[in-house]
Structure formats: structure tokens, C-alpha cells
Number of protein chains: 2
Amino acid sequence: MSGTHALSGEALGSSAQRRRRERILDATIALASAGGFDAVQMRAVAEHADVALGTLYRYFPSKIHLLVTTLAREFEREEALLAERTIPGDTPADRVISVLRRTTRGLQGDPHLTEALTRAFMFADKSVAQEIRVVGRLLNRMLTHAMRPDAREAGDEDVAIARVIGDVWLSALVAWVTGRSTAEETAAHMERAVRLILR
Amino acid sequence: MSGTHALSGEALGSSAQRRRRERILDATIALASAGGFDAVQMRAVAEHADVALGTLYRYFPSKIHLLVTTLAREFEREEALLAERTIPGDTPADRVISVLRRTTRGLQGDPHLTEALTRAFMFADKSVAQEIRVVGRLLNRMLTHAMRPDAREAGDEDVAIARVIGDVWLSALVAWVTGRSTAEETAAHMERAVRLILR
DNA sequence: TCTCGAAGTGAAACGTGTTCCTATTATGCT
DNA sequence: AGCATAATAGGAACACGTTTCACTTCGAGA
């Protein structure tokens with residue numbers, strides 16, 4: 001292997017490493033999906049991914065990094081799916097609601113996974129700022145695109161609005177994950193907020 | 001002591017217990033203020049409060065419960081201070097911004113404490129739902145009161161709006177705590193969001 | 001005052017995230 | 001092929017949240 005000292009970020013050298021990395025993320029999803037945040041135990045992830053514990057930590061410096069990176073990958077996949085289709089709805093509000101409903105439904109279909117990823121995201125400290133930013137950017141892009149599907153790039157105003165909506169969505173997700181509100185309440189709250197903001 | 005089996009919640013029997021409880025919360029604040037979330041170590045809290053570890057756990061079943069309860073006490077104090085004075089500003093938006101600015105400034109004056117309390121709040125799981133609800137209620141009350149200082153009780157619409165604003169505020173706080181945005185950006189984002197929602 | 005149950009003490013022990021260390025294996029270069 | 005170096009395996013060790021337990025102290029009622 002060439003002197004790749006930093007395997008952080010995206011640039012992984014060999015395809016063996018890329019595969020290992022994917023195995024780790026897949027194991028994380030499997031465990032999170034089965035038992036939530038607590039079930040994602042680093043030893044279990046390592047064993048599941050057929051990797052030594054030290055190797056796992058070489059790829060992801062903490063459990064939180066691991067989970068937030070997993071979240072980023074899921075968001076990327078979701079965004080790719082979303083980019084292929086035209087978003088239904090005649091107004092920005094309708095389209096945003098459509099996207100959020102779709103995404104939220106996806107998450108609520110796997111409560112344990114959602115709990116694990118959401119809690120990791122919210123618990124993250126400064127050392128995870130970079131990964132968090134990736135997720136924030138993806139979320140913002142999804143929302144601005146829903147607002148103006150034809151715009152090449154989002155204006156500052158739209159970015160600010162999308163950020164507010166994203167904030168509300170995250171808080172709503174946390175409320176749902178902690179059992180403070182039901183799926184229906186979450187959906188209703190989101191819809192009300194979007195109509196309030198995008199009126 | 002009388003047969004108080006559940007000392008959860010507020011009703012503490014003797015004043016000795018009340019004092020112990022206050023000592024624990026004070027110790028929590030001192031440690032959090034000095035070193036943030038990681039510095040609030042249960043053994044250290046116990047020692048600081050001059051209480052055995054088992055006693056600490058008798059009063060607060062987990063570190064997260066402890067920190068969220070601490071947050072609730074701080075909020076109660078803040079609300080009490082706020083209730084005494086008339087909130088400056090001629091419109092609901094101005095008054096809400098005034099309250100948020102004031103509170104946010106207070107928090108940003110003690111970054112470590114804020115980091116500890118915020119992360120605990122966001123990391124909480126279902127078992128902390130009750131304490132979380134208390135904080136949510138206080139926050140909502142502060143905001144609806146700022147919106148309509150003269151109303152005896154808040155209407156459903158106002159509560160919903162306050163909740164959206166509270167959501168944005170929490171997310172903004174998390175962004176600030178994790179170093180994703182500066183104090184100025186946080187303030188600007190909050191103000192923009194409030195004007196957007198309360199226009 | 002005596003007694004009894006609840007509350008508190010002190011310390012050991014356990015689980016899991018994280019770190020560290022040594023031996024082994026893979027990889028690129030000459 | 002042989003060497004140098006990075007990556008991985010395997011596992012011990014450590015830190016801190018949490019649990020447990022045997023013992024002591026406290027306080028209210030007989």
C-alpha cells in the first residue's frame with residue numbers, strides 16, 4: 001500500500017479497504033436495526049464485520065463517528081433515490097412535506113435504527129463536526145431541492161428556510177425517538193411547521 | 001422517615017433530603033461548568049456533594065436524569081426571573097427574540113455547562129421522558145408568555161408556534177455546542193427563524 | 001427508650017467504549 | 001524474490017457508568 005497515512009475521509013486506497021469499510025457500516029446497520037443504539041456495541045460490530053476491534057477503531061475513531069457516518073451514507077442513498085424522481089406537489093410547502101413524509105415514514109419503519117442514528121447525531125461533540133456537517137449539507141440540499149426543483153443552486157434565503165425546517169425536523173425526530181410524541185403527532189407537527197414557514 | 005417509597009419527582013420527605021438533593025445538583029453544576037459533560041463523573045459528583053455513590057443513584061437513576069433535572073432547575077430559575085419583569089419589545093417577534101437572546105447569552109456565558117446540559121437533553125432516551133417533558137413545558141411557557149404577556153393561557157395555535165421556535169432553538173444550541181456555528185451565527189439564525197415564523 | 005424499616009455508606013464488581021501492545025499478514029518497491 | 005512498511009489480528013488493560021451487597025445510621029412509632 002502506498003503511504004496513505006490518513007484514511008479518514010473518503011479516499012480509501014485499496015478495494016479491500018473499501019469492502020471492509022462497507023462491511024463495517026453494514027454490520028452497524030444490522031445491529032442498530034435489531035436493537036438500537038445500545039445494541040451497536042463496538043466488539044459486536046467488529047465481530048459482525050469480521051474485523052479486529054483495533055481495525056474498527058482505525059476506520060472509525062469512535063462509536064459516534066461510526067453511527068454518524070452510517071447516517072450520512074443512508075442520507076446519500078436517500079438523496080440519490082430522490083434525485084431520480086420528480087417530487088409531487090404544486091407548491092414548495094407541498095413538495096417539502098412530501099419529501100419529509102417520505103423520509104420520516106422510511107425512518108419510522110425501522111424505529112431501532114432511527115433511534116440509534118438520531119441519538120448518535122444529537123450526542124455528537126466537536127470531534128464529529130465534520131461528519132455532522134456532511135449530514136446537514138445533505139439534508140439542506142434535499143429540502144432546497146424540494147422547494148425549487150428547477151433551480152440550479154439554492155439562494156441564501158432558501159438555505160436559511162431549509163435550515164429552519166431541518167431544525168424542526170430533527171427536534172421532532174428526537175421527540176419521536178424518546179417517546180414524547182407518536183408518529184402521527186410528529187407528522188402533524190412537521191406539516192404545521194412547514195406551512196407556517198413556507199406560507 | 002415516613003414510608004416514602006418513591007422519592008422520584010418532587011416530594012422529598014425531610015429537609016435533610018432536600019438539602020442533599022440540592023447539594024447534588026449544585027455539585028453537578030460546578031463540575032459541568034468546569035469541564036462539561038465528560039467532567040460530570042458520577043463518582044466525582046458523589047464526592048463533591050459529600051454523598052455515597054449509591055445514594056446519588058438513589059436520588060437520580062442515571063447521569064442523564066441528573067443532568068436533565070439540573071437543566072429543569074435552571075430553567076425554573078430563569079423563568080422565575082423572567083416572570084418578574086416586563087419583556088421589552090412591541091411585537092411578539094421582538095419579545096421572543098429578546099427572551100431568546102437573553103437566555104442564549106446566559107448559556108453562552110458558560111459554554112461547558114451548556115454543553116453538558118444540552119448534550120444530556122439530546123441524548124436522553126425514553127426513560128427520561130418525564131424530566132424532558134418538564135423542560136419542554138417550561139420552554140414552551142417562556143415562549144408563549146413572551147408572545148402574549150397579557151394572555152392568561154396560551155391558545156393551541158400559540159403553543160404550536162412556540163414549539164416550532166423551541167425546536168429551532170434547541171437545534172441551534174446543538175449546532176453551537178458542537179462548534180458548527182459561532183455565537184453570532186446562532187443568534188442571527190434564531191432571529192431570522194423567529195421573524196420567519198412570527199411574521 | 002427500644003425496635004424496626006428506610007436511607008445512607010463504602011467498596012467491590014460488572015459492562016462497554018476506548019486505548020495499547022505484540023505478533024502476524026498483506027502490499028508496494030527494487 | 002526479498003525487503004520495508006503499513007495494516008490487521010488478537011487480546012489485555014483502563015475508564016467510567018451502573019449495579020450490588022453487607023454494614024451502619026437515622027428517625028418515627030410502640
# chains A, B, ... in the order shown; residues from 1 in each chain; ligands from 1
$ closest_atom_pairs --of "chain A" --to "chain B" --cutoff "6 Å" --atoms "only C-alpha atoms" --output "JSON lines"
{"residue": "A:Arg119", "atom": "CA", "partner": "B:Phe123", "partner_atom": "CA", "distance": 5.7}
{"residue": "A:Met122", "atom": "CA", "partner": "B:Met122", "partner_atom": "CA", "distance": 5.6}
{"residue": "A:Phe123", "atom": "CA", "partner": "B:Phe123", "partner_atom": "CA", "distance": 5.4}
{"residue": "A:Asp125", "atom": "CA", "partner": "B:Thr178", "partner_atom": "CA", "distance": 5.0}
{"residue": "A:Lys126", "atom": "CA", "partner": "B:Thr178", "partner_atom": "CA", "distance": 4.4}
{"residue": "A:Asp167", "atom": "CA", "partner": "B:Val168", "partner_atom": "CA", "distance": 5.1}
{"residue": "A:Val168", "atom": "CA", "partner": "B:Asp167", "partner_atom": "CA", "distance": 5.2}
{"residue": "A:Ser171", "atom": "CA", "partner": "B:Asp167", "partner_atom": "CA", "distance": 5.4}
{"residue": "A:Thr178", "atom": "CA", "partner": "B:Lys126", "partner_atom": "CA", "distance": 4.5}
{"residue": "A:Gly179", "atom": "CA", "partner": "B:Lys126", "partner_atom": "CA", "distance": 5.7}
{"residue": "A:Ile197", "atom": "CA", "partner": "B:Ile197", "partner_atom": "CA", "distance": 5.6}
$ closest_atom_pairs --of "chain D" --to "chain A" --cutoff "12 Å" --atoms "only C-alpha atoms (C1' of nucleotides)" --output "tab-separated table"
residue	atom	partner	partner_atom	distance
D:DA4	C1'	A:Met1	CA	11.5
D:DT5	C1'	A:Gly3	CA	8.7
D:DA6	C1'	A:Met1	CA	6.9
D:DA7	C1'	A:Thr55	CA	8.3
D:DT8	C1'	A:Thr55	CA	6.4
D:DA9	C1'	A:Ala52	CA	5.8
D:DG10	C1'	A:Ala52	CA	7.4
D:DG11	C1'	A:Leu53	CA	9.6
$ residues_around --residues "Tyr57 (chain A)" --least-positions-apart "3" --cutoff "10 Å" --atoms "only C-alpha atoms (C1' of nucleotides)" --output "MDAnalysis selection string"
(chainID A and resid 42 46 52:54 60:63 65:66) or (chainID C and resid 18:19)
$ closest_atom_pairs --of "chain C" --to "chain B" --cutoff "12 Å" --atoms "only C-alpha atoms (C1' of nucleotides)" --output "CSV"
residue,atom,partner,partner_atom,distance
C:DC4,C1',B:Met1,CA,11.7
C:DG5,C1',B:Gly3,CA,8.7
C:DA6,C1',B:Met1,CA,6.8
C:DA7,C1',B:Thr55,CA,8.3
C:DG8,C1',B:Thr55,CA,6.3
C:DT9,C1',B:Ala52,CA,6.0
C:DG10,C1',B:Ala52,CA,7.5
C:DA11,C1',B:Leu53,CA,10.1
$ write_last_selection --atoms "N, CA, C and O atoms (P, O5', C5', C4', C3', O3' and C1' of nucleotides)" --output "tab-separated table (two decimals), in the first residue's frame"
chain	number	residue	atom	x	y	z
C	4	DC	P	-37.69	-5.47	66.40
C	4	DC	O5'	-38.23	-4.86	65.03
C	4	DC	C5'	-39.41	-4.05	65.02
C	4	DC	C4'	-39.41	-3.18	63.78
C	4	DC	C3'	-38.69	-3.82	62.59
C	4	DC	O3'	-39.42	-3.59	61.41
C	4	DC	C1'	-37.72	-1.72	63.07
C	5	DG	P	-39.23	-4.51	60.14
C	5	DG	O5'	-39.26	-3.46	58.95
C	5	DG	C5'	-40.30	-2.47	58.91
C	5	DG	C4'	-39.76	-1.20	58.29
C	5	DG	C3'	-39.08	-1.41	56.94
C	5	DG	O3'	-39.43	-0.34	56.09
C	5	DG	C1'	-37.59	-0.36	58.40
C	6	DA	P	-39.10	-0.43	54.52
C	6	DA	O5'	-38.56	1.03	54.21
C	6	DA	C5'	-39.14	2.14	54.89
C	6	DA	C4'	-38.13	3.25	54.95
C	6	DA	C3'	-37.40	3.49	53.63
C	6	DA	O3'	-37.30	4.89	53.42
C	6	DA	C1'	-35.84	3.08	55.35
C	7	DA	P	-36.66	5.45	52.04
C	7	DA	O5'	-35.22	5.90	52.54
C	7	DA	C5'	-35.12	6.78	53.63
C	7	DA	C4'	-33.68	7.11	53.92
C	7	DA	C3'	-32.85	7.38	52.67
C	7	DA	O3'	-32.08	8.55	52.91
C	7	DA	C1'	-31.85	5.67	53.97
C	8	DG	P	-30.99	9.03	51.84
C	8	DG	O5'	-29.64	8.44	52.45
C	8	DG	C5'	-29.20	8.91	53.71
C	8	DG	C4'	-27.89	8.27	54.03
C	8	DG	C3'	-26.83	8.40	52.93
C	8	DG	O3'	-25.64	8.95	53.49
C	8	DG	C1'	-27.02	6.16	53.64
C	9	DT	P	-24.32	9.07	52.61
C	9	DT	O5'	-23.48	7.80	53.04
C	9	DT	C5'	-23.31	7.50	54.42
C	9	DT	C4'	-22.28	6.39	54.59
C	9	DT	C3'	-21.07	6.49	53.65
C	9	DT	O3'	-19.89	6.32	54.44
C	9	DT	C1'	-22.08	4.35	53.47
C	10	DG	P	-18.51	6.87	53.87
C	10	DG	O5'	-17.86	5.52	53.32
C	10	DG	C5'	-17.87	4.39	54.16
C	10	DG	C4'	-17.38	3.19	53.38
C	10	DG	C3'	-16.38	3.53	52.26
C	10	DG	O3'	-15.22	2.76	52.46
C	10	DG	C1'	-18.17	2.19	51.43
C	11	DA	P	-13.98	2.78	51.46
C	11	DA	O5'	-14.19	1.44	50.64
C	11	DA	C5'	-14.63	0.27	51.32
C	11	DA	C4'	-15.00	-0.80	50.31
C	11	DA	C3'	-14.08	-0.82	49.08
C	11	DA	O3'	-13.75	-2.14	48.79
C	11	DA	C1'	-16.32	-0.73	48.41
$ residues_around --residues "region 134-141 of chain A" --least-positions-apart "5" --cutoff "9 Å" --atoms "only C-alpha atoms (C1' of nucleotides)" --output "list in words"
Val68, Thr69, Leu71, Ala72, Arg73, Phe75, Glu76, Glu79, Ala129, Ala146, Ala154, Val159, Ala162, Arg163, Ile165 and Gly166 of chain A
$ select_by_dssp --residues "region 2-180 of chain A" --states "helix (DSSP H, G or I)" --output "PyMOL selection string"
chain A and resi 15-35+37-39+42-48+53-59+63-84+92-108+111-123+126-147+156-177
$ closest_residue --among "D:DG27, D:DA13, D:DT20, D:DC3" --to "DC14 (chain C)" --atoms "only C-alpha atoms (C1' of nucleotides)"
D:DT20
$ atom_distance --atom1 "CA of Leu25 (chain B)" --atom2 "CA of Leu100 (chain B)"
24.4 Å
$ atom_distance --atom1 "CA of Arg23 (chain B)" --atom2 "CA of Thr103 (chain B)"
24.3 Å
$ atom_distance --atom1 "CA of Ala80 (chain B)" --atom2 "CA of Arg148 (chain B)"
16.8 Å
$ residues_around --residues "Thr86 (chain B)" --least-positions-apart "6" --cutoff "12 Å" --atoms "only C-alpha atoms (C1' of nucleotides)" --output "list of chain:residue names"
B:Arg95, B:Ser98, B:Val99, B:His145, B:Ala146, B:Met147, B:Arg148, B:Pro149, B:Asp150
$ residues_around --residues "region 27-30 of chain A" --least-positions-apart "5" --cutoff "6 Å" --atoms "only C-alpha atoms (C1' of nucleotides)" --output "PyMOL selection string"
chain A and resi 45+48-49
$ decode --residues "region 75-151 of chain A" --atoms "C-alpha atoms" --output "PDB file, in the first residue's frame"
ATOM      1  CA  PHE A  75     -28.852  10.047   3.574  1.00  0.00           C
ATOM      2  CA  GLU A  76     -26.737   9.844   0.438  1.00  0.00           C
ATOM      3  CA  ARG A  77     -28.695   6.847  -0.739  1.00  0.00           C
ATOM      4  CA  GLU A  78     -31.978   8.547   0.047  1.00  0.00           C
ATOM      5  CA  GLU A  79     -30.923  11.657  -1.806  1.00  0.00           C
ATOM      6  CA  ALA A  80     -29.858   9.630  -4.820  1.00  0.00           C
ATOM      7  CA  LEU A  81     -33.270   7.979  -4.927  1.00  0.00           C
ATOM      8  CA  LEU A  82     -34.941  11.327  -4.521  1.00  0.00           C
ATOM      9  CA  ALA A  83     -32.942  12.948  -7.322  1.00  0.00           C
ATOM     10  CA  GLU A  84     -34.232  10.417  -9.831  1.00  0.00           C
ATOM     11  CA  ARG A  85     -37.890  11.210  -9.452  1.00  0.00           C
ATOM     12  CA  THR A  86     -39.919  14.362  -9.681  1.00  0.00           C
ATOM     13  CA  ILE A  87     -41.256  15.433  -6.333  1.00  0.00           C
ATOM     14  CA  PRO A  88     -45.059  15.599  -6.203  1.00  0.00           C
ATOM     15  CA  GLY A  89     -46.752  18.796  -5.082  1.00  0.00           C
ATOM     16  CA  ASP A  90     -47.610  22.137  -6.618  1.00  0.00           C
ATOM     17  CA  THR A  91     -46.141  24.461  -4.022  1.00  0.00           C
ATOM     18  CA  PRO A  92     -42.818  24.470  -2.182  1.00  0.00           C
ATOM     19  CA  ALA A  93     -44.666  23.639   1.029  1.00  0.00           C
ATOM     20  CA  ASP A  94     -46.376  20.633  -0.529  1.00  0.00           C
ATOM     21  CA  ARG A  95     -43.170  19.319  -2.005  1.00  0.00           C
ATOM     22  CA  VAL A  96     -41.236  19.747   1.215  1.00  0.00           C
ATOM     23  CA  ILE A  97     -43.969  17.984   3.126  1.00  0.00           C
ATOM     24  CA  SER A  98     -43.936  15.199   0.589  1.00  0.00           C
ATOM     25  CA  VAL A  99     -40.197  14.693   0.976  1.00  0.00           C
ATOM     26  CA  LEU A 100     -40.336  14.845   4.747  1.00  0.00           C
ATOM     27  CA  ARG A 101     -43.267  12.473   4.902  1.00  0.00           C
ATOM     28  CA  ARG A 102     -41.492  10.011   2.694  1.00  0.00           C
ATOM     29  CA  THR A 103     -38.255  10.201   4.646  1.00  0.00           C
ATOM     30  CA  THR A 104     -39.964  10.162   8.016  1.00  0.00           C
ATOM     31  CA  ARG A 105     -42.007   7.154   7.028  1.00  0.00           C
ATOM     32  CA  GLY A 106     -38.834   5.407   5.983  1.00  0.00           C
ATOM     33  CA  LEU A 107     -37.290   6.117   9.351  1.00  0.00           C
ATOM     34  CA  GLN A 108     -40.340   5.169  11.333  1.00  0.00           C
ATOM     35  CA  GLY A 109     -40.371   1.853   9.541  1.00  0.00           C
ATOM     36  CA  ASP A 110     -37.190   0.964  11.407  1.00  0.00           C
ATOM     37  CA  PRO A 111     -37.509   2.521  14.850  1.00  0.00           C
ATOM     38  CA  HIS A 112     -34.411   0.941  16.323  1.00  0.00           C
ATOM     39  CA  LEU A 113     -32.201   2.084  13.502  1.00  0.00           C
ATOM     40  CA  THR A 114     -33.674   5.552  13.681  1.00  0.00           C
ATOM     41  CA  GLU A 115     -33.165   5.701  17.403  1.00  0.00           C
ATOM     42  CA  ALA A 116     -29.541   4.707  17.066  1.00  0.00           C
ATOM     43  CA  LEU A 117     -28.733   7.164  14.290  1.00  0.00           C
ATOM     44  CA  THR A 118     -30.692  10.058  15.751  1.00  0.00           C
ATOM     45  CA  ARG A 119     -29.213   9.729  19.203  1.00  0.00           C
ATOM     46  CA  ALA A 120     -25.715   9.470  17.817  1.00  0.00           C
ATOM     47  CA  PHE A 121     -26.289  12.567  15.724  1.00  0.00           C
ATOM     48  CA  MET A 122     -27.578  14.547  18.665  1.00  0.00           C
ATOM     49  CA  PHE A 123     -24.953  13.315  21.100  1.00  0.00           C
ATOM     50  CA  ALA A 124     -22.025  14.089  18.844  1.00  0.00           C
ATOM     51  CA  ASP A 125     -19.454  16.529  20.142  1.00  0.00           C
ATOM     52  CA  LYS A 126     -16.973  18.783  18.377  1.00  0.00           C
ATOM     53  CA  SER A 127     -14.766  15.929  17.228  1.00  0.00           C
ATOM     54  CA  VAL A 128     -17.560  14.756  14.938  1.00  0.00           C
ATOM     55  CA  ALA A 129     -18.234  18.184  13.457  1.00  0.00           C
ATOM     56  CA  GLN A 130     -17.043  17.218  10.010  1.00  0.00           C
ATOM     57  CA  GLU A 131     -19.314  14.183   9.668  1.00  0.00           C
ATOM     58  CA  ILE A 132     -22.205  16.161  11.115  1.00  0.00           C
ATOM     59  CA  ARG A 133     -21.687  18.843   8.535  1.00  0.00           C
ATOM     60  CA  VAL A 134     -21.965  16.267   5.769  1.00  0.00           C
ATOM     61  CA  VAL A 135     -25.341  15.159   7.064  1.00  0.00           C
ATOM     62  CA  GLY A 136     -26.508  18.748   7.469  1.00  0.00           C
ATOM     63  CA  ARG A 137     -25.494  19.573   3.938  1.00  0.00           C
ATOM     64  CA  LEU A 138     -27.335  16.569   2.537  1.00  0.00           C
ATOM     65  CA  LEU A 139     -30.481  17.385   4.494  1.00  0.00           C
ATOM     66  CA  ASN A 140     -30.355  21.003   3.416  1.00  0.00           C
ATOM     67  CA  ARG A 141     -29.843  20.034  -0.213  1.00  0.00           C
ATOM     68  CA  MET A 142     -32.809  17.676  -0.106  1.00  0.00           C
ATOM     69  CA  LEU A 143     -35.009  20.424   1.280  1.00  0.00           C
ATOM     70  CA  THR A 144     -33.912  23.242  -1.002  1.00  0.00           C
ATOM     71  CA  HIS A 145     -34.280  20.937  -3.959  1.00  0.00           C
ATOM     72  CA  ALA A 146     -37.808  20.098  -2.846  1.00  0.00           C
ATOM     73  CA  MET A 147     -38.559  23.783  -2.537  1.00  0.00           C
ATOM     74  CA  ARG A 148     -37.267  24.669  -6.020  1.00  0.00           C
ATOM     75  CA  PRO A 149     -36.699  21.548  -8.091  1.00  0.00           C
ATOM     76  CA  ASP A 150     -35.678  23.581 -11.143  1.00  0.00           C
ATOM     77  CA  ALA A 151     -33.170  25.909  -9.549  1.00  0.00           C
TER      78      ALA A 151
END
